[in-house]
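The structure file query-v8.cif is reproduced below (mmCIF, C-alpha atoms).
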```
data_target
loop_
_atom_site.label_atom_id
_atom_site.label_comp_id
_atom_site.auth_asym_id
_atom_site.auth_seq_id
_atom_site.Cartn_x
_atom_site.Cartn_y
_atom_site.Cartn_z
CA MET A 1 -9.52 42.13 -7.62
CA SER A 2 -9.12 41.39 -3.98
CA ALA A 3 -11.38 39.16 -1.93
CA ALA A 4 -12.37 42.15 0.17
CA THR A 5 -14.27 43.65 -2.76
CA ALA A 6 -16.10 40.46 -3.75
CA VAL A 7 -19.81 41.15 -3.84
CA THR A 8 -21.15 37.72 -4.85
CA PRO A 9 -21.65 36.36 -1.27
CA ALA A 10 -23.51 39.44 -0.11
CA LEU A 11 -25.62 39.46 -3.25
CA SER A 12 -26.41 35.75 -2.98
CA GLU A 13 -27.79 36.31 0.49
CA LYS A 14 -30.20 38.93 -0.75
CA PHE A 15 -30.91 37.34 -4.13
CA PRO A 16 -30.80 33.51 -4.09
CA GLN A 17 -31.13 33.48 -7.91
CA VAL A 18 -27.67 35.05 -8.34
CA ALA A 19 -25.07 32.50 -9.44
CA PRO A 20 -21.34 32.97 -9.97
CA ARG A 21 -20.24 33.06 -13.62
CA ALA A 22 -16.99 31.68 -15.00
CA SER A 23 -14.56 34.53 -15.53
CA LEU A 24 -10.85 34.84 -16.23
CA ASP A 25 -10.44 38.32 -14.84
CA HIS A 26 -13.06 40.09 -12.77
CA GLU A 27 -15.91 38.93 -10.63
CA ALA A 28 -18.90 37.88 -12.70
CA ILE A 29 -22.42 36.76 -11.90
CA ASN A 30 -25.39 35.30 -13.72
CA VAL A 31 -28.75 36.82 -13.00
CA PRO A 32 -32.19 35.85 -14.33
CA ALA A 33 -33.83 38.53 -16.46
CA GLY A 34 -36.61 39.16 -13.97
CA ALA A 35 -34.21 40.10 -11.17
CA VAL A 36 -31.63 42.00 -13.17
CA LEU A 37 -32.84 45.51 -12.38
CA ASP A 38 -33.05 44.79 -8.65
CA VAL A 39 -29.55 43.29 -8.64
CA LEU A 40 -28.13 46.23 -10.60
CA ARG A 41 -29.80 48.70 -8.28
CA THR A 42 -28.39 46.91 -5.23
CA LEU A 43 -24.93 46.89 -6.80
CA ARG A 44 -25.19 50.60 -7.51
CA ASP A 45 -26.65 51.72 -4.18
CA ALA A 46 -25.26 49.23 -1.66
CA HIS A 47 -21.92 48.29 -3.24
CA GLY A 48 -20.85 51.56 -4.84
CA PHE A 49 -20.86 50.46 -8.49
CA ASP A 50 -21.78 53.91 -9.71
CA PHE A 51 -20.43 53.63 -13.25
CA LEU A 52 -21.86 51.54 -16.09
CA ALA A 53 -18.73 50.96 -18.12
CA ASP A 54 -20.35 48.88 -20.85
CA LEU A 55 -23.57 47.21 -21.79
CA THR A 56 -23.44 44.70 -24.60
CA ALA A 57 -24.92 41.42 -25.75
CA ILE A 58 -23.90 37.96 -26.90
CA ASP A 59 -25.61 36.02 -29.67
CA TRP A 60 -25.10 32.30 -29.01
CA ALA A 61 -26.33 31.53 -32.56
CA GLU A 62 -29.61 30.25 -33.87
CA GLY A 63 -31.03 27.15 -32.26
CA THR A 64 -29.51 27.67 -28.84
CA THR A 65 -31.69 28.42 -25.83
CA PRO A 66 -31.32 30.98 -24.46
CA ARG A 67 -29.97 32.64 -27.56
CA PHE A 68 -29.16 36.14 -26.30
CA THR A 69 -27.30 37.23 -23.19
CA ILE A 70 -27.02 40.83 -22.04
CA VAL A 71 -23.77 41.71 -20.29
CA TYR A 72 -23.33 44.69 -17.96
CA HIS A 73 -19.86 45.84 -16.98
CA LEU A 74 -19.93 47.83 -13.77
CA ARG A 75 -17.13 49.86 -12.24
CA SER A 76 -16.91 51.42 -8.84
CA THR A 77 -15.16 54.75 -8.77
CA THR A 78 -14.79 54.51 -4.98
CA THR A 79 -13.51 50.93 -4.46
CA HIS A 80 -12.05 50.61 -7.98
CA ALA A 81 -13.63 47.21 -8.45
CA TYR A 82 -15.20 45.71 -11.55
CA VAL A 83 -18.10 43.33 -11.72
CA ARG A 84 -19.70 41.74 -14.74
CA VAL A 85 -23.42 40.93 -14.68
CA ALA A 86 -24.86 38.60 -17.32
CA ALA A 87 -28.54 38.00 -17.91
CA ASP A 88 -30.10 35.65 -20.46
CA CYS A 89 -33.04 36.89 -22.51
CA PRO A 90 -35.83 34.38 -21.84
CA ASP A 91 -37.48 34.66 -25.27
CA SER A 92 -35.14 33.82 -28.15
CA ALA A 93 -37.57 34.78 -30.92
CA ALA A 94 -38.47 38.22 -29.56
CA PRO A 95 -35.67 38.92 -27.07
CA ALA A 96 -36.21 41.63 -24.49
CA MET A 97 -34.57 42.88 -21.31
CA PRO A 98 -35.79 45.56 -18.86
CA SER A 99 -34.09 48.87 -19.57
CA ALA A 100 -31.39 50.08 -17.19
CA CYS A 101 -31.84 53.69 -18.26
CA GLY A 102 -33.43 54.52 -14.91
CA LEU A 103 -30.26 53.39 -13.09
CA TRP A 104 -27.56 54.86 -15.31
CA ALA A 105 -28.19 57.46 -18.02
CA ALA A 106 -25.29 55.86 -19.90
CA ALA A 107 -27.46 52.82 -20.60
CA ASP A 108 -29.50 54.86 -23.08
CA TRP A 109 -27.16 54.77 -26.09
CA HIS A 110 -25.72 51.36 -25.16
CA GLU A 111 -29.18 49.84 -25.25
CA ARG A 112 -29.91 51.58 -28.54
CA GLU A 113 -26.75 50.05 -29.97
CA VAL A 114 -27.65 46.58 -28.70
CA PHE A 115 -31.12 47.02 -30.17
CA ASP A 116 -29.61 48.14 -33.48
CA MET A 117 -27.04 45.35 -33.76
CA PHE A 118 -28.93 42.44 -32.14
CA GLY A 119 -32.60 43.38 -32.28
CA ILE A 120 -33.08 43.02 -28.53
CA ARG A 121 -35.82 45.27 -27.18
CA PHE A 122 -35.57 47.13 -23.89
CA PRO A 123 -39.00 47.77 -22.36
CA GLY A 124 -38.88 51.02 -20.39
CA HIS A 125 -36.30 52.64 -22.68
CA PRO A 126 -37.31 56.27 -23.36
CA ASP A 127 -36.27 56.36 -27.05
CA LEU A 128 -35.41 52.97 -28.49
CA ARG A 129 -34.28 53.81 -32.04
CA ARG A 130 -31.40 52.58 -34.15
CA ILE A 131 -28.18 54.44 -33.40
CA LEU A 132 -25.61 53.23 -35.97
CA MET A 133 -27.61 51.96 -38.94
CA TRP A 134 -30.34 54.14 -40.37
CA ASP A 135 -34.02 53.91 -39.43
CA GLY A 136 -35.67 51.41 -41.71
CA TYR A 137 -32.63 49.15 -42.13
CA PRO A 138 -34.21 45.70 -42.17
CA HIS A 139 -31.49 43.62 -40.44
CA HIS A 140 -29.53 43.36 -37.21
CA PRO A 141 -25.92 43.04 -38.37
CA LEU A 142 -24.22 41.48 -35.34
CA ARG A 143 -26.55 38.50 -35.25
CA LYS A 144 -24.77 35.28 -36.08
CA GLU A 145 -26.83 34.51 -39.18
CA PHE A 146 -26.04 37.92 -40.75
CA PRO A 147 -23.19 37.59 -43.29
CA LEU A 148 -20.11 39.79 -42.90
CA ALA A 149 -20.47 41.14 -46.43
CA GLY A 150 -23.99 42.31 -45.76
CA VAL A 151 -27.28 41.82 -47.56
CA GLU A 152 -28.51 43.68 -50.62
CA THR A 153 -31.10 46.27 -49.71
CA GLU A 154 -32.11 49.85 -50.53
CA LEU A 155 -30.17 53.02 -49.75
CA PRO A 156 -31.60 55.01 -46.82
CA ASP A 157 -32.56 57.96 -49.05
CA ALA A 158 -35.03 56.96 -51.78
CA ALA A 159 -34.42 60.13 -53.82
CA ILE A 160 -30.65 59.54 -53.90
CA ALA A 161 -31.20 55.87 -54.71
CA ALA A 162 -33.40 56.81 -57.67
CA GLU A 163 -30.93 59.45 -58.86
CA THR A 164 -27.82 57.32 -58.68
CA GLY A 165 -29.21 53.82 -59.08
CA ALA A 166 -26.99 52.76 -56.18
CA LYS A 167 -27.99 50.09 -53.69
CA VAL A 168 -26.64 48.65 -50.49
CA ILE A 169 -24.86 45.59 -51.85
CA ALA A 170 -23.26 42.53 -50.37
CA ALA A 171 -19.64 43.71 -50.32
CA PRO A 172 -17.31 41.92 -52.77
CA MET A 173 -15.01 39.91 -50.53
CA ALA A 174 -12.03 40.10 -52.94
CA GLY A 175 -10.38 36.97 -51.58
CA GLY A 176 -11.17 37.79 -47.97
CA PRO A 177 -12.00 37.90 -45.18
CA PHE A 178 -8.43 37.71 -43.93
CA VAL A 179 -8.41 36.04 -40.58
CA ALA A 180 -5.57 35.70 -38.09
CA SER A 181 -5.68 32.67 -35.81
CA SER A 182 -5.47 33.80 -32.22
CA GLY A 183 -3.20 32.25 -29.65
CA GLU A 184 -0.73 31.09 -32.29
CA ILE A 185 2.83 30.90 -31.00
CA ASN A 186 4.35 30.47 -34.47
CA LEU A 187 4.13 33.96 -35.92
CA THR A 188 4.19 32.66 -39.48
CA GLU A 189 1.07 30.65 -38.77
CA ALA A 190 -0.50 33.65 -37.05
CA GLU A 191 -0.35 35.75 -40.23
CA PRO A 192 -3.80 36.69 -41.50
CA ARG A 193 -4.98 34.13 -44.06
CA ALA A 194 -7.68 34.47 -46.66
CA LYS A 195 -10.76 32.44 -46.03
CA ASP A 196 -11.85 31.37 -49.48
CA GLU A 197 -14.81 33.66 -50.00
CA SER A 198 -13.55 35.18 -53.22
CA TRP A 199 -16.89 35.75 -54.83
CA ASN A 200 -17.60 39.21 -56.13
CA GLU A 201 -20.15 41.05 -58.23
CA GLY A 202 -19.08 39.13 -61.32
CA ARG A 203 -19.08 35.73 -59.63
CA ALA A 204 -21.93 35.29 -57.21
CA LYS A 205 -21.68 33.62 -53.84
CA PRO A 206 -22.48 29.90 -54.23
CA ALA A 207 -25.72 28.76 -52.69
CA GLN A 208 -25.43 27.28 -49.21
CA ASP A 209 -26.43 23.64 -48.90
CA MET B 210 15.55 98.94 -93.26
CA VAL B 211 14.90 96.03 -90.94
CA THR B 212 15.11 96.67 -87.21
CA PRO B 213 15.72 93.66 -85.02
CA ASN B 214 12.92 92.78 -82.61
CA THR B 215 14.28 93.26 -79.14
CA GLU B 216 11.00 92.73 -77.35
CA LEU B 217 11.23 89.57 -75.30
CA ALA B 218 7.90 89.83 -73.52
CA TYR B 219 4.45 91.20 -74.03
CA ASN B 220 4.55 94.93 -74.58
CA GLY B 221 1.17 96.63 -74.18
CA LYS B 222 2.27 99.71 -76.12
CA ILE B 223 3.11 97.70 -79.22
CA GLU B 224 0.32 95.10 -79.01
CA GLY B 225 -2.37 97.70 -78.31
CA GLU B 226 -3.38 96.22 -74.93
CA VAL B 227 -4.71 93.13 -76.68
CA VAL B 228 -3.86 89.51 -75.96
CA VAL B 229 -4.87 86.92 -78.51
CA SER B 230 -5.64 83.49 -77.15
CA ARG B 231 -8.20 80.72 -77.28
CA LEU B 232 -11.26 81.02 -75.06
CA ASP B 233 -10.79 77.44 -73.90
CA ALA B 234 -7.26 78.22 -72.82
CA VAL B 235 -8.33 81.28 -70.85
CA ILE B 236 -11.25 79.59 -69.10
CA ASN B 237 -9.26 76.47 -68.29
CA TRP B 238 -6.33 78.57 -67.06
CA ILE B 239 -8.64 80.35 -64.63
CA ARG B 240 -10.29 77.13 -63.50
CA THR B 241 -7.13 75.10 -62.97
CA ASN B 242 -5.36 77.65 -60.85
CA SER B 243 -8.12 78.42 -58.39
CA MET B 244 -9.70 75.06 -57.78
CA TRP B 245 -11.31 75.47 -54.39
CA PRO B 246 -11.78 72.14 -52.63
CA MET B 247 -14.84 70.96 -50.76
CA PRO B 248 -13.17 68.92 -48.00
CA MET B 249 -15.38 65.86 -47.53
CA GLY B 250 -13.34 64.61 -44.59
CA LEU B 251 -14.95 61.41 -43.33
CA ALA B 252 -12.11 59.48 -41.71
CA CYS B 253 -8.34 59.40 -41.21
CA CYS B 254 -7.62 60.57 -44.79
CA ALA B 255 -8.94 63.93 -43.67
CA ILE B 256 -5.90 64.24 -41.40
CA GLU B 257 -3.63 63.85 -44.42
CA LEU B 258 -5.82 66.33 -46.26
CA MET B 259 -5.20 68.82 -43.45
CA GLY B 260 -1.49 68.08 -43.68
CA THR B 261 -1.62 68.71 -47.41
CA ALA B 262 -3.24 72.06 -46.79
CA SER B 263 -0.74 73.07 -44.12
CA SER B 264 2.58 74.79 -44.54
CA ARG B 265 4.86 71.78 -45.01
CA PHE B 266 3.12 70.59 -48.18
CA ASP B 267 1.18 73.75 -48.93
CA ILE B 268 -1.56 73.03 -51.42
CA ALA B 269 -1.70 76.83 -51.91
CA ARG B 270 1.16 76.43 -54.41
CA PHE B 271 -1.45 74.91 -56.74
CA GLY B 272 -4.19 77.42 -56.01
CA ALA B 273 -6.34 75.03 -54.01
CA GLU B 274 -5.79 76.36 -50.50
CA VAL B 275 -9.27 77.84 -50.05
CA MET B 276 -11.10 74.97 -48.36
CA ARG B 277 -14.75 75.87 -48.66
CA PHE B 278 -17.15 74.23 -46.26
CA SER B 279 -20.01 75.51 -48.37
CA PRO B 280 -20.69 73.45 -51.49
CA ARG B 281 -21.88 76.59 -53.29
CA GLN B 282 -18.40 78.08 -53.27
CA SER B 283 -16.31 75.04 -54.12
CA ASP B 284 -15.18 73.39 -57.34
CA CYS B 285 -13.59 70.12 -56.35
CA MET B 286 -14.93 67.68 -53.79
CA ILE B 287 -12.14 65.72 -52.11
CA VAL B 288 -13.78 62.63 -50.61
CA ALA B 289 -11.27 61.80 -47.89
CA GLY B 290 -12.30 58.76 -45.92
CA THR B 291 -14.69 55.87 -45.48
CA VAL B 292 -18.13 56.53 -46.92
CA THR B 293 -20.80 54.62 -45.03
CA TYR B 294 -24.17 53.99 -46.59
CA LYS B 295 -25.68 56.27 -43.98
CA MET B 296 -23.34 59.08 -45.09
CA ALA B 297 -23.63 58.34 -48.82
CA SER B 298 -26.88 60.25 -49.21
CA ALA B 299 -25.32 63.33 -47.61
CA VAL B 300 -22.26 63.09 -49.86
CA ARG B 301 -24.43 62.91 -52.95
CA ARG B 302 -26.61 65.76 -51.74
CA ILE B 303 -23.60 68.01 -51.16
CA TYR B 304 -22.27 67.07 -54.60
CA ASP B 305 -25.64 68.06 -56.09
CA GLN B 306 -25.43 71.42 -54.32
CA MET B 307 -22.04 72.28 -55.82
CA ALA B 308 -22.18 74.67 -58.75
CA GLU B 309 -20.96 73.54 -62.17
CA PRO B 310 -18.25 72.99 -63.19
CA LYS B 311 -17.33 70.51 -60.46
CA TRP B 312 -14.90 67.67 -60.06
CA VAL B 313 -14.36 64.87 -57.54
CA ILE B 314 -11.16 63.37 -56.16
CA ALA B 315 -11.57 60.02 -54.38
CA MET B 316 -8.79 60.14 -51.82
CA GLY B 317 -7.54 56.84 -50.42
CA ALA B 318 -8.55 53.21 -50.59
CA CYS B 319 -11.87 53.57 -48.77
CA ALA B 320 -13.25 56.33 -50.96
CA SER B 321 -11.99 54.62 -54.10
CA SER B 322 -13.23 51.09 -53.49
CA GLY B 323 -14.42 50.61 -49.92
CA GLY B 324 -10.86 49.70 -48.96
CA MET B 325 -10.54 47.16 -46.20
CA TYR B 326 -14.16 47.65 -45.20
CA ARG B 327 -15.75 44.75 -47.07
CA SER B 328 -18.72 45.05 -44.81
CA TYR B 329 -22.44 45.64 -44.62
CA SER B 330 -22.16 49.30 -43.66
CA THR B 331 -19.63 50.72 -46.12
CA LEU B 332 -20.22 52.04 -49.61
CA GLN B 333 -17.93 50.06 -51.91
CA GLY B 334 -16.41 53.06 -53.67
CA VAL B 335 -17.74 56.59 -53.83
CA ASP B 336 -17.97 56.30 -57.64
CA ARG B 337 -21.23 54.43 -57.07
CA ILE B 338 -22.92 57.71 -56.14
CA VAL B 339 -20.80 60.53 -57.63
CA PRO B 340 -18.67 60.67 -60.82
CA VAL B 341 -15.01 60.53 -59.79
CA ASP B 342 -12.28 62.25 -61.84
CA VAL B 343 -9.14 61.14 -60.03
CA TYR B 344 -8.56 58.20 -57.68
CA VAL B 345 -5.70 58.30 -55.17
CA SER B 346 -4.31 55.04 -53.82
CA GLY B 347 -3.00 54.75 -50.30
CA CYS B 348 -4.24 54.15 -46.80
CA PRO B 349 -4.01 57.01 -46.21
CA PRO B 350 -2.20 58.57 -49.20
CA ARG B 351 0.81 60.76 -48.57
CA PRO B 352 0.19 64.49 -49.09
CA GLU B 353 2.42 64.28 -52.18
CA ALA B 354 -0.01 61.76 -53.66
CA LEU B 355 -2.91 64.12 -53.12
CA LEU B 356 -0.94 66.98 -54.69
CA ASP B 357 -0.19 64.69 -57.63
CA ALA B 358 -3.90 63.95 -57.93
CA LEU B 359 -4.63 67.67 -57.94
CA MET B 360 -2.07 68.21 -60.70
CA LYS B 361 -3.56 65.32 -62.67
CA LEU B 362 -6.98 66.90 -62.28
CA GLN B 363 -5.59 70.25 -63.43
CA GLY B 364 -4.15 68.51 -66.47
CA LYS B 365 -7.53 66.97 -67.12
CA VAL B 366 -9.30 70.33 -66.79
CA ARG B 367 -6.83 71.91 -69.22
CA GLN B 368 -7.99 69.44 -71.88
CA GLU B 369 -11.65 70.33 -71.43
CA ARG B 370 -13.53 72.13 -74.20
CA ALA B 371 -14.79 74.69 -71.74
CA ALA B 372 -16.23 77.23 -74.23
CA THR B 373 -18.15 74.59 -76.19
CA ASN B 374 -19.53 73.13 -72.97
CA LEU B 375 -20.56 76.56 -71.72
CA LEU B 376 -22.36 77.44 -74.94
CA SER B 377 -24.10 74.10 -75.26
CA ALA B 378 -25.14 74.04 -71.59
#
```
Encoded form (structure tokens):
Amino acid sequence: MSAATAVTPALSEKFPQVAPRASLDHEAINVPAGAVLDVLRTLRDAHGFDFLADLTAIDWAEGTTPRFTIVYHLRSTTTHAYVRVAADCPDSAAPAMPSACGLWAAADWHEREVFDMFGIRFPGHPDLRRILMWDGYPHHPLRKEFPLAGVETELPDAAIAAETGAKVIAAPMAGGPFVASSGEINLTEAEPRAKDESWNEGRAKPAQD
Amino acid sequence: MVTPNTELAYNGKIEGEVVVSRLDAVINWIRTNSMWPMPMGLACCAIELMGTASSRFDIARFGAEVMRFSPRQSDCMIVAGTVTYKMASAVRRIYDQMAEPKWVIAMGACASSGGMYRSYSTLQGVDRIVPVDVYVSGCPPRPEALLDALMKLQGKVRQERAATNLLSA
């Protein structure tokens, strides 16, 4: 990233709410939820960011305010610059963010995925359904309180569930999960280690205190 | 006067065009040597399944080269890959559509037990929804392992009491 492509000063003039965001690589800005569509439109039309590379979300865990942040990764195919736009969802209980589908068609499936995994709604989205899990799945798996192994629930097809007696179960962890510590110089220490979650169907997960 | 028997093989003129055997043996012989797979390719194991079917490993040597993408025409479902809960209903439905007799090979760690996917979205072993005859270990298994599983399944089919099952069905 060169200074010539920096867009934050120009944006700050037009939108005083825009604040720079700490970033190790590309330019990044924080935007309040109310202004996010205007900022994105300005970036697309006035600064040449014509490509929505990614749209994702962060869950800062229960109890934090704001809990959810939506992150847009924009790419310009003319200036070859990246910019990252982050916007906090004001309501942590029923998070929502205006849909960017009108700006980039690519936002459609990304927003469906964010809705599926985090339960964040996108008012203005043309077809906000789950995209990875099946319709009727009761949880949002990438939320921090959702356990890795999953939660017992019903199979998507009731007829198949009745025929086979199978259910969606909390996966037996079999000694796992096996976690590698990042940034470890000593490669022996960086080997994946089992976190002691060795409960299985025979031995239930102990109750949390 | 005793003439020595010089016939080494079946001679239709002498035997009167009749072969005496057991019905089980005949039925099982037919079934084992034309076991058409239903390739349930769901993940990377399907690539090995394709390799097994191709010329280097040549599953045709065991009579299972006719991959049928219609469940009506297949005998053996090879579940090759990670079965998600969303896909599990479709797998079971296709198994239900296969005509009897039918068998299932769970190919690889994921199909056998969920493999490394100890997660909310993955079925922890395809045997939770369909009866599995042979499990193949590996991630993914070598084509030789799949061929071995096919031979094991053929051995299993040869032991079946096919005529009794047909008459009692």
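In this model, the gap between CA of Ala174 (chain A) and CA of Ser330 (chain B) comes to 16.5 Å.
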Grab the CA of Val114 (chain A) to CA of Cys101 (chain A) distance for me, in Å with one decimal place.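 Distance reported for this atom pair: 13.3 Å.
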Contacts from chain A to chain B, 12 Å maximum, all atoms listed in the file: show me the residue list as an MDAnalysis selection string. chainID A and resid 117 130:137 139:142 146:178 197:201
Could the centre and edge lengths of an axis-aligned box, enclosing all atoms of region 282-299 of chain B in the file with 4 Å extra on each side, be given in Å to one decimal as lines of an AutoDock Vina configuration file?
```
center_x = -19.1
center_y = 66.0
center_z = -50.7
size_x = 23.6
size_y = 32.1
size_z = 21.4
```
Would you work out the distance separating CA of Pro248 (chain B) from CA of Arg277 (chain B), expressed in Å to one decimal?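 These atoms are spaced 7.2 Å apart.
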Output the residue selection produced by the PyMOL selection byres ((chain A and resi 62) around 10) on the file above, formatted as an MDAnalysis selection string. chainID A and resid 59:61 63:68 92:93 143:145
Neighbouring residues of region 356-364 of chain B were defined as those with any atom within 8 Å, considering only C-alpha atoms; residues of the same chain fewer than 5 positions away were excluded. Please report them as number ranges by chain. B: 241-242, 261, 268, 271, 314, 342-345
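Distances here use only C-alpha atoms; by that measure, the residue among A:Asp88, A:Asp38, A:Asp108, A:Glu113 closest to His125 (chain A) is A:Asp108.
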Env of Ala318 (chain B): 9 Å cut, atoms = only C-alpha atoms, seq-sep filter 3 positions within chain, self excluded. Answer as a PyMOL selection string. chain B and resi 290-291+315+321-325+334+344-350
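Evaluated on this file, the PyMOL selection byres ((chain A and resi 110-112) around 8) matches A:Asp54, A:Leu55, A:Thr56, A:Ser99, A:Ala106, A:Ala107, A:Asp108, A:Trp109, A:Glu113, A:Val114, A:Phe115, A:Asp116, A:Phe122, A:Leu128, A:Arg129, A:Arg130, A:Ile131.
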Now that the selection is made, can you save its residues with C-alpha atoms as a CSV table (one decimal), keeping the file's coordinate frame?
```csv
chain,number,residue,atom,x,y,z
A,54,ASP,CA,-20.4,48.9,-20.8
A,55,LEU,CA,-23.6,47.2,-21.8
A,56,THR,CA,-23.4,44.7,-24.6
A,99,SER,CA,-34.1,48.9,-19.6
A,106,ALA,CA,-25.3,55.9,-19.9
A,107,ALA,CA,-27.5,52.8,-20.6
A,108,ASP,CA,-29.5,54.9,-23.1
A,109,TRP,CA,-27.2,54.8,-26.1
A,113,GLU,CA,-26.8,50.0,-30.0
A,114,VAL,CA,-27.6,46.6,-28.7
A,115,PHE,CA,-31.1,47.0,-30.2
A,116,ASP,CA,-29.6,48.1,-33.5
A,122,PHE,CA,-35.6,47.1,-23.9
A,128,LEU,CA,-35.4,53.0,-28.5
A,129,ARG,CA,-34.3,53.8,-32.0
A,130,ARG,CA,-31.4,52.6,-34.2
A,131,ILE,CA,-28.2,54.4,-33.4
```
Once the PyMOL selection byres ((chain A and resi 79) around 12) has been applied to the shown file, what residues remain in the selection, as a ChimeraX atom specification? /A:1-2,4-7,47-51,74-78,80-83
Would you kindly return, as a list of chain:residue names, each protein, DNA or RNA residue with an atom no farther than 7 Å from any atom of region 224-237 of chain B, considering all atoms listed in the file and excluding same-chain residues fewer than 4 positions away?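 My list of contacting residues is B:Asn220, B:Thr241, B:Val366, B:Arg367, B:Arg370, B:Ala371, B:Ala372.
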Could N, CA and C atoms be built for region 111-127 of chain A and written out as a PDB file, in the frame of the given file?
```pdb
ATOM      1  N   GLU A 111     -28.025  50.699 -24.939  1.00  0.00           N
ATOM      2  CA  GLU A 111     -29.180  49.840 -25.250  1.00  0.00           C
ATOM      3  C   GLU A 111     -29.657  50.087 -26.662  1.00  0.00           C
ATOM      4  N   ARG A 112     -29.547  51.326 -27.142  1.00  0.00           N
ATOM      5  CA  ARG A 112     -29.910  51.580 -28.540  1.00  0.00           C
ATOM      6  C   ARG A 112     -28.972  50.824 -29.472  1.00  0.00           C
ATOM      7  N   GLU A 113     -27.696  50.766 -29.116  1.00  0.00           N
ATOM      8  CA  GLU A 113     -26.750  50.050 -29.970  1.00  0.00           C
ATOM      9  C   GLU A 113     -27.051  48.547 -29.966  1.00  0.00           C
ATOM     10  N   VAL A 114     -27.328  48.004 -28.776  1.00  0.00           N
ATOM     11  CA  VAL A 114     -27.650  46.580 -28.700  1.00  0.00           C
ATOM     12  C   VAL A 114     -28.927  46.288 -29.491  1.00  0.00           C
ATOM     13  N   PHE A 115     -29.895  47.200 -29.390  1.00  0.00           N
ATOM     14  CA  PHE A 115     -31.120  47.020 -30.170  1.00  0.00           C
ATOM     15  C   PHE A 115     -30.802  47.060 -31.668  1.00  0.00           C
ATOM     16  N   ASP A 116     -29.954  47.982 -32.080  1.00  0.00           N
ATOM     17  CA  ASP A 116     -29.610  48.140 -33.480  1.00  0.00           C
ATOM     18  C   ASP A 116     -28.892  46.898 -34.005  1.00  0.00           C
ATOM     19  N   MET A 117     -27.910  46.415 -33.266  1.00  0.00           N
ATOM     20  CA  MET A 117     -27.040  45.350 -33.760  1.00  0.00           C
ATOM     21  C   MET A 117     -27.637  43.959 -33.547  1.00  0.00           C
ATOM     22  N   PHE A 118     -28.434  43.772 -32.459  1.00  0.00           N
ATOM     23  CA  PHE A 118     -28.930  42.440 -32.140  1.00  0.00           C
ATOM     24  C   PHE A 118     -30.454  42.326 -32.213  1.00  0.00           C
ATOM     25  N   GLY A 119     -31.151  43.441 -32.245  1.00  0.00           N
ATOM     26  CA  GLY A 119     -32.600  43.380 -32.280  1.00  0.00           C
ATOM     27  C   GLY A 119     -33.227  43.011 -30.957  1.00  0.00           C
ATOM     28  N   ILE A 120     -32.524  43.301 -29.859  1.00  0.00           N
ATOM     29  CA  ILE A 120     -33.080  43.020 -28.530  1.00  0.00           C
ATOM     30  C   ILE A 120     -33.802  44.272 -28.048  1.00  0.00           C
ATOM     31  N   ARG A 121     -35.032  44.111 -27.617  1.00  0.00           N
ATOM     32  CA  ARG A 121     -35.820  45.270 -27.180  1.00  0.00           C
ATOM     33  C   ARG A 121     -35.613  45.502 -25.690  1.00  0.00           C
ATOM     34  N   PHE A 122     -35.755  46.765 -25.294  1.00  0.00           N
ATOM     35  CA  PHE A 122     -35.570  47.130 -23.890  1.00  0.00           C
ATOM     36  C   PHE A 122     -36.808  47.853 -23.401  1.00  0.00           C
ATOM     37  N   PRO A 123     -37.788  47.106 -22.876  1.00  0.00           N
ATOM     38  CA  PRO A 123     -39.000  47.770 -22.360  1.00  0.00           C
ATOM     39  C   PRO A 123     -38.622  48.764 -21.263  1.00  0.00           C
ATOM     40  N   GLY A 124     -39.202  49.968 -21.352  1.00  0.00           N
ATOM     41  CA  GLY A 124     -38.880  51.020 -20.390  1.00  0.00           C
ATOM     42  C   GLY A 124     -37.854  51.997 -20.926  1.00  0.00           C
ATOM     43  N   HIS A 125     -37.269  51.697 -22.099  1.00  0.00           N
ATOM     44  CA  HIS A 125     -36.300  52.640 -22.680  1.00  0.00           C
ATOM     45  C   HIS A 125     -37.042  53.857 -23.218  1.00  0.00           C
ATOM     46  N   PRO A 126     -36.554  55.073 -22.955  1.00  0.00           N
ATOM     47  CA  PRO A 126     -37.310  56.270 -23.360  1.00  0.00           C
ATOM     48  C   PRO A 126     -37.351  56.491 -24.873  1.00  0.00           C
ATOM     49  N   ASP A 127     -36.358  55.996 -25.627  1.00  0.00           N
ATOM     50  CA  ASP A 127     -36.270  56.360 -27.050  1.00  0.00           C
ATOM     51  C   ASP A 127     -35.494  55.273 -27.776  1.00  0.00           C
TER      52      ASP A 127
END
```
